[in-house]
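A short write-up of the structure that comes next.
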Amino acid sequence: MEHRELPVEGWRKVVHFRDDDANLNAIISVHDATLGPGCGGTRIFAYPSFEAGLEDVNKLSRGMTFKNALGGIPFGGGKAVIFADPKTEKTPDMIRAFARAVDSLDGLYYTAEDSGVTERDIEIMQTVTKYAAGIGKDGIGGNPSPFTARGVWRGMQAGARRVLGADSLKDVRVSILGVGAVGMELARLIHEEGGKLVVADVNKDAVAEAQDRFGAQAVAPEEAAAADVDVFAPCALGGSINAGSIGGLKAKIIAGAANNQLATPDMDLALKERGVLYAPDYVINAAGVISVGLEILGDWTKQEMTRRIDLIGDTLTEIFRRADETGKPTGEIADAMALEVIARGRDAA
Ligand code: NAD
């Protein structure tokens, strides 16, 4: 295996690994390891160029630094990419070679699933390295989607308390864009609490299921952001808050599971100026990595996991409070709070 460290200013360690026999071409990026080893998933994707993969992995690992810090787990930010089409090029040999790469960093980086990586792949990695996690065993950990949904639900309740003065989501109207693994479970939680649902998805069967089970009203995906509701919950792809959609928003709260909900950073301030409360995506959707973190620490119990997820609501309440107090947008406040956590970790070291 060839490896070459790539100097990236502001990143703790970025290493390019190649193993031609196993057809492995991968980058592991650790952005910050102040709070603990870098932790974040591996993405297998056929990037158009090496530079595109490098840019993506560094952006993702930096994002994990912030997510893990506010998620309250003692891990820094890390992420990895493998340059391959997961459907046609992934092989057990490639996965094993990648696990050797992870192992060679001696615990500076823990990996888990991201797109293109399955629980089976993690199992293969675990035959080579102890620095891979994210599979359910004996009722511990496992599929993160229900955890993520519960975290978003808690965050949504925190938003409704702040903006609507509501003690629960009863009669609160929520538009969910994307009723997949997370969105459908979120719909169930909102429905059980007496909330009113609007749903949109390109998958017609998923829409029909939400109509059947929760009496949801269906709209076209391009209408979900402009629905006449209290809360908009982006749970499909990133970028649904953009220059085109923001003008049509009727919701006063944005609280959803999707990563990178803001198409551009200026949307953070633009939402605030329109009087919309935004629950920063990486805070509200952190339950999956919190579960992986507890699994690595050997602290995973159902009770502890529930407690940690409920803390997501408390963290958001504090972000909303500080945003009100300072007049700053919530995304900016969240970043500042994450940096405070890291600075405290540095001082304590
Ligand atoms: P999923 O693939 O199960 O569900 C996504 C749903 O969105 C699908 O039903 C799909 O048909 C729909 N969709 C895709 N493109 C669409 C479009 N253009 N318009 C309308 N609907 C569209 O994924 P998921 O696991 O539910 O994750 C949802 C989002 O949350 C993703 O952005 C993911 O990155 C993020 N997220 C998920 C987790 C988790 O634990 N699963 C954790 C953190 C973040």
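Order determines the names: the first chain of the structure tokens is A, the second B, and so forth; residues in each chain are numbered 1 upward, and ligands are numbered 1 upward as they are shown.
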
Next on the checklist: At a cut-off of 9 Å around ligand 1, and using only C-alpha atoms and all ligand atoms, what residues come up? Please write them as an MDAnalysis selection string.
Outcome noted: chainID A and resid 114:115 143:149 177:185 200:207 220:222 224 234:238 256:261 281:282 284:289

Item to check | helix (DSSP H, G or I) positions in region 87-248 of chain A, given as a ChimeraX atom specification | outcome: /A:92-104,119-126,145-164,181-192,204-214,221-223,246-248

Checklist entry - Could you work out how far CA of Asp266 (chain A) lies from CA of Leu54 (chain A), giving the answer in Å with one decimal? => result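 CA of Asp266 (chain A) lies 24.1 Å from CA of Leu54 (chain A).
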
Counting only C-alpha atoms, which residues of region 128-241 of chain A sit at most 12 Å from some atom of region 272-278 of chain A, and what is each one's closest atom pair with its distance in Å to one decimal, listed by chain and rising residue number, as a Markdown table?
```
| residue | atom | partner | partner_atom | distance |
| --- | --- | --- | --- | --- |
| A:Gly155 | CA | A:Tyr278 | CA | 10.3 |
| A:Met156 | CA | A:Tyr278 | CA | 10.0 |
| A:Ala158 | CA | A:Leu277 | CA | 10.7 |
| A:Gly159 | CA | A:Leu277 | CA | 7.2 |
| A:Ala160 | CA | A:Leu277 | CA | 9.5 |
| A:Arg161 | CA | A:Leu277 | CA | 11.4 |
| A:Arg162 | CA | A:Leu277 | CA | 8.8 |
| A:Val163 | CA | A:Leu277 | CA | 7.6 |
| A:Leu164 | CA | A:Leu277 | CA | 10.9 |
| A:Asp230 | CA | A:Val276 | CA | 10.0 |
| A:Val231 | CA | A:Leu277 | CA | 9.4 |
| A:Phe232 | CA | A:Tyr278 | CA | 9.7 |
| A:Ala233 | CA | A:Tyr278 | CA | 10.3 |
| A:Pro234 | CA | A:Tyr278 | CA | 11.3 |
| A:Ile241 | CA | A:Tyr278 | CA | 10.3 |
```

Next on the checklist: Let's see if you can do this: from backbone DSSP, list all strand (DSSP E or B) residues in region 100-329 of chain A, as a PyMOL selection string.
Outcome noted: chain A and resi 109-111+113+132+137+140+173-177+196-200+217-218+231-234+241+253-254+262+277-278

Item to check | Residue nearest His3 (chain A) - candidates A:Ser175, A:Ser104, A:Ser49, A:Ser61, atoms counted: only C-alpha atoms | outcome: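 Under the stated criterion, the closest residue is A:Ser104.
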
Checklist entry - CA of Thr111 (chain A) and CA of Gly41 (chain A), how far apart in Å? => result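 For CA of Gly41 (chain A) relative to CA of Thr111 (chain A), the distance reads 5.0 Å.
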
Next on the checklist: Can you measure CA of Ile44 (chain A) to CA of Trp11 (chain A) for me? One decimal in Å is fine.
Outcome noted: 21.3 Å

Item to check | Shortest interatomic distance to Asp299 (chain A) - which of A:Gly136, A:Gly141, A:Pro92, A:Gly248, counting only C-alpha atoms | outcome: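 Among the listed residues, A:Gly141 lies closest to Asp299 (chain A).
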
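Distance check against His191 (chain A) using only C-alpha atoms: of A:Ile124, A:Leu169, A:Ile309, A:Val8, the minimum falls on A:Leu169.
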
Checklist entry - Restricting the calculation to only C-alpha atoms, which member of A:Phe50, A:Phe75, A:Trp300, A:Tyr131 is positioned closest to Arg100 (chain A)? => result A:Tyr131

Residue contacts of Phe83 (chain A) (12 Å, only C-alpha atoms) excluding same-chain residues fewer than 2 positions away, as a short mmCIF file (atom, residue, chain, number, x, y, z; two decimals) with C-alpha atoms, in the first residue's frame:
```
data_model
loop_
_atom_site.label_atom_id
_atom_site.label_comp_id
_atom_site.auth_asym_id
_atom_site.auth_seq_id
_atom_site.Cartn_x
_atom_site.Cartn_y
_atom_site.Cartn_z
CA HIS A 16 -3.90 9.56 0.26
CA PHE A 17 -3.77 5.74 0.11
CA ARG A 18 -3.33 3.59 -2.99
CA ASP A 19 -3.29 -0.16 -3.30
CA ASN A 23 -8.04 -1.36 -6.69
CA LEU A 24 -8.12 1.01 -3.71
CA ASN A 25 -7.75 4.74 -4.17
CA ALA A 26 -8.81 6.57 -1.01
CA ILE A 27 -8.29 9.63 1.14
CA ILE A 28 -8.67 9.77 4.91
CA THR A 42 -16.56 6.61 4.61
CA ARG A 43 -18.18 7.58 1.34
CA ILE A 44 -17.66 5.48 -1.78
CA PHE A 45 -18.30 7.61 -4.83
CA ALA A 46 -17.02 7.87 -8.40
CA TYR A 47 -15.73 11.43 -8.13
CA PRO A 48 -14.97 13.09 -11.48
CA SER A 49 -11.42 13.93 -10.32
CA PHE A 50 -8.98 13.47 -7.45
CA GLU A 51 -9.36 17.17 -6.58
CA ALA A 52 -13.16 16.84 -6.35
CA GLY A 53 -12.81 13.95 -3.87
CA LEU A 54 -10.17 15.79 -1.87
CA ASP A 56 -15.35 16.85 -0.57
CA VAL A 57 -13.56 14.78 2.07
CA ALA A 80 -12.90 9.22 4.27
CA VAL A 81 -13.64 8.80 0.60
CA ASP A 85 -18.61 3.32 -8.07
CA PRO A 86 -20.09 1.41 -5.09
CA THR A 88 -19.93 -1.82 -9.88
CA GLU A 89 -16.41 -1.43 -8.45
CA LYS A 90 -16.62 -2.20 -4.75
CA MET A 94 -10.95 -3.11 -1.67
CA ILE A 95 -12.78 -2.85 1.65
CA PHE A 98 -9.21 0.37 3.07
CA GLY A 116 -21.92 3.49 -0.63
#
```

Checklist entry - Nearest to Ile135 (chain A) among A:Glu295, A:Glu304, A:Glu2, A:Glu223, with distances taken over only C-alpha atoms: which residue is it? => result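 Of A:Glu295, A:Glu304, A:Glu2, A:Glu223, the one nearest Ile135 (chain A), counting only C-alpha atoms, is A:Glu295.
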
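With only C-alpha atoms as the atoms that count, the minimum distance from Phe320 (chain A) to the choices A:Met337, A:Glu119, A:Trp153, A:Gln126 is reached by A:Met337.
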
Tell me which protein, DNA and RNA residues are within 6 Å of region 324-336 of chain A, counting only C-alpha atoms, leaving out same-chain ones fewer than 3 positions away, and put them as an mmCIF file with N, CA, C and O atoms, in the first residue's frame.
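Below you can see selection.cif, which holds the result:
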```cif
data_model
loop_
_atom_site.group_PDB
_atom_site.id
_atom_site.type_symbol
_atom_site.label_atom_id
_atom_site.label_comp_id
_atom_site.auth_asym_id
_atom_site.auth_seq_id
_atom_site.Cartn_x
_atom_site.Cartn_y
_atom_site.Cartn_z
ATOM 1 N N ASP A 268 -28.235 31.495 5.943
ATOM 2 C CA ASP A 268 -28.353 31.532 7.406
ATOM 3 C C ASP A 268 -28.899 32.901 7.839
ATOM 4 O O ASP A 268 -29.921 32.988 8.545
ATOM 5 N N LEU A 269 -28.247 33.962 7.353
ATOM 6 C CA LEU A 269 -28.685 35.322 7.690
ATOM 7 C C LEU A 269 -30.021 35.648 7.005
ATOM 8 O O LEU A 269 -30.903 36.276 7.605
ATOM 9 N N LYS A 272 -32.887 34.366 9.012
ATOM 10 C CA LYS A 272 -33.093 35.197 10.211
ATOM 11 C C LYS A 272 -33.820 36.492 9.836
ATOM 12 O O LYS A 272 -34.762 36.915 10.514
ATOM 13 N N PRO A 280 -29.950 24.444 12.977
ATOM 14 C CA PRO A 280 -28.803 24.058 12.140
ATOM 15 C C PRO A 280 -28.757 22.552 11.893
ATOM 16 O O PRO A 280 -28.864 21.752 12.831
ATOM 17 N N ARG A 321 -31.750 30.578 22.056
ATOM 18 C CA ARG A 321 -31.688 31.630 23.087
ATOM 19 C C ARG A 321 -30.553 32.613 22.770
ATOM 20 O O ARG A 321 -30.742 33.826 22.762
ATOM 21 N N LEU A 339 -17.014 25.696 18.492
ATOM 22 C CA LEU A 339 -15.624 26.129 18.700
ATOM 23 C C LEU A 339 -15.329 26.332 20.192
ATOM 24 O O LEU A 339 -14.225 26.044 20.645
#
```
